[in-house]
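S.K.: Below is one structure. I have some questions about it.
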Protein chains: 2
Amino acid sequence: MMSAMADLVTQDDERLTTVGLLFESAAGLRRVFQTRLESELSLSAQSFDVLIRLARSPGSELRMSELAAQTSLTPSGLTRSVDRLQEQGLVARRICPEDRRGAFAHLTPTGQAVMDRAIPVHVAHIDEVLSDLFTAQEEEALAALLRRLRDHLYGAGSEWGLTAEDTDACPVAD
Amino acid sequence: MMSAMADLVTQDDERLTTVGLLFESAAGLRRVFQTRLESELSLSAQSFDVLIRLARSPGSELRMSELAAQTSLTPSGLTRSVDRLQEQGLVARRICPEDRRGAFAHLTPTGQAVMDRAIPVHVAHIDEVLSDLFTAQEEEALAALLRRLRDHLYGAGSEWGLTAEDTDACPVAD
DNA sequence: CCATTATAGTTGCGAGTGCAAGTACCAGTC
DNA sequence: GACTGGTACTTGCACTCGCAACTATAATGG
């Protein structure tokens, strides 16, 4: 009855714990940012994620499929997300001329203005949470390790059904 | 129009990227595990998270509130999750004798059996994903950094509205 | 005691999401 | 140039989740 547990608490525990910490950290950070983004900027974390990826892309536009891959959303989820942002007037769609199946999402001037205001707030918020927690070296080490993990998961063959190419071009936040 | 962007791409970018990597890594890992857990064990990632926390607790039982804190779920979310697991016969509730408002959730024998089978599979899966990616030292370093972040977010005053005490007692996985 | 306040958990409801099916379009084949 | 297959999104539907309101029980205080 305890056989599996016995295995666990010896060697595997370490790895299990690492994974658990990763999930807990991400969930905690997301919740913290979400609260603040909503109260101060009336943006959901999900919306902000989409918007910041657009803001940091050349021309402030991206194909729907690209955006879906970068935001950890399925195509259908992204469609709805962009729908909402479109209703709010922050984003607009543009049909791709060369391939009329596809579409670009791009920031409207209003969306640009909102993000110009929102990004510094968010950056300040990140600083507030992370400052005095990591040294520059530690933060760099953490980023390096996570980058390796992310690339392993998404890039290089996508052995586990995860689609995405060089998301590194738009590293981004939440 | 580009003012906020200019700020971004210099100093703040690093921190923004770290946070972004954390989210992407967590999302990627979750999806990978979820796919496999569902196809091989018919368990959602959410269910598995609840079950493994129970499995690793003394007596295989935990108060609902404890469980909620550990699973990054709100109390209402946990209520529903336990409801589902109860319908599947994997978990049962037990009213706390000393405080009849509260309740314990505990694994049923069936639940125990399922987890005895599921945990080794999941551990193997983690190994498969992480092996040859990090050295023991790197993994340890990553865990240490993440633990610091997690404790900073949840513990010590919970400056950001996150509730949780010593979740370290049950570090756990997904 | 009874009243007040706080806590543990549950439920109504609305919002977001994924899966599978559908639509519109491209690309290669005969 | 219709036929077949594949791609880029979009929609129907069911499910999960969080928030706010609610119930039941404790704990405090007169």
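For the structure tokens, the naming scheme is as follows: chains receive sequential letters (A, B, ...) according to their order of presentation, residues are indexed from 1 within each chain, and ligands are indexed from 1 in presentation order.
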Would you list the contacts of DA21 (chain C) as a PDB file with C-alpha atoms (C1' of nucleotides), in the first residue's frame, taking every protein, DNA or RNA residue within 12 Å and counting only C-alpha atoms (C1' of nucleotides), but skipping same-chain residues closer than 2 positions in sequence?
M.R.:
```pdb
ATOM      1  C1'  DC C  19     -12.360  19.702 -28.023  1.00  0.00           C
ATOM      2  C1'  DT C  23     -16.280  26.964 -42.908  1.00  0.00           C
TER       3       DT C  23
ATOM      4  C1'  DT D  10     -14.225  30.043 -36.105  1.00  0.00           C
ATOM      5  C1'  DT D  11     -18.344  28.198 -33.620  1.00  0.00           C
ATOM      6  C1'  DG D  12     -21.355  24.678 -30.632  1.00  0.00           C
ATOM      7  C1'  DC D  13     -21.151  22.634 -26.588  1.00  0.00           C
TER       8       DC D  13
END
```
S.K.: Using only C-alpha atoms (C1' of nucleotides), select each residue of chain A with any atom at most 10 Å away from an atom of chain D, and give the selection as a list in words.
M.R.: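 So the residues of chain A near chain D are Arg63, Met64, Ser65, Pro75, Ser76, Thr79, Arg80, Asp99, Arg100, Arg101, Gly102 and Ala103 of chain A.
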S.K.: Considering only C-alpha atoms, state which residue in the set A:Val123, A:Ala45, A:Ile95, A:Ala136 is at the smallest distance from chain B.
M.R.: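 Checking each of A:Val123, A:Ala45, A:Ile95, A:Ala136 against chain B, counting only C-alpha atoms, the winner is A:Val123.
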S.K.: Once you count only C-alpha atoms (C1' of nucleotides), what closest atom pair and distance in Å to one decimal does each residue of chain C within 8 Å of chain A have, with rows by chain and rising residue number, as CSV?
M.R.:
```
residue,atom,partner,partner_atom,distance
C:DT17,C1',A:Gly77,CA,5.9
C:DG18,C1',A:Thr74,CA,7.2
C:DA24,C1',A:Arg101,CA,6.6
C:DC25,C1',A:Arg101,CA,5.2
C:DC26,C1',A:Asp99,CA,7.4
```
S.K.: Those residues you just picked out, can you put them in a file as a short mmCIF file (atom, residue, chain, number, x, y, z; two decimals), in the first residue's frame with C-alpha atoms (C1' of nucleotides)?
M.R.:
```
data_model
loop_
_atom_site.label_atom_id
_atom_site.label_comp_id
_atom_site.auth_asym_id
_atom_site.auth_seq_id
_atom_site.Cartn_x
_atom_site.Cartn_y
_atom_site.Cartn_z
"C1'" DT C 17 -11.42 27.47 -22.19
"C1'" DG C 18 -10.68 23.21 -24.85
"C1'" DA C 24 -13.33 29.22 -46.05
"C1'" DC C 25 -9.39 29.01 -48.43
"C1'" DC C 26 -4.86 27.17 -50.44
#
```
S.K.: May I ask for the distance between CA of Leu51 (chain B) and CA of Gly89 (chain B), given in Å to one decimal place?
M.R.: 12.0 Å
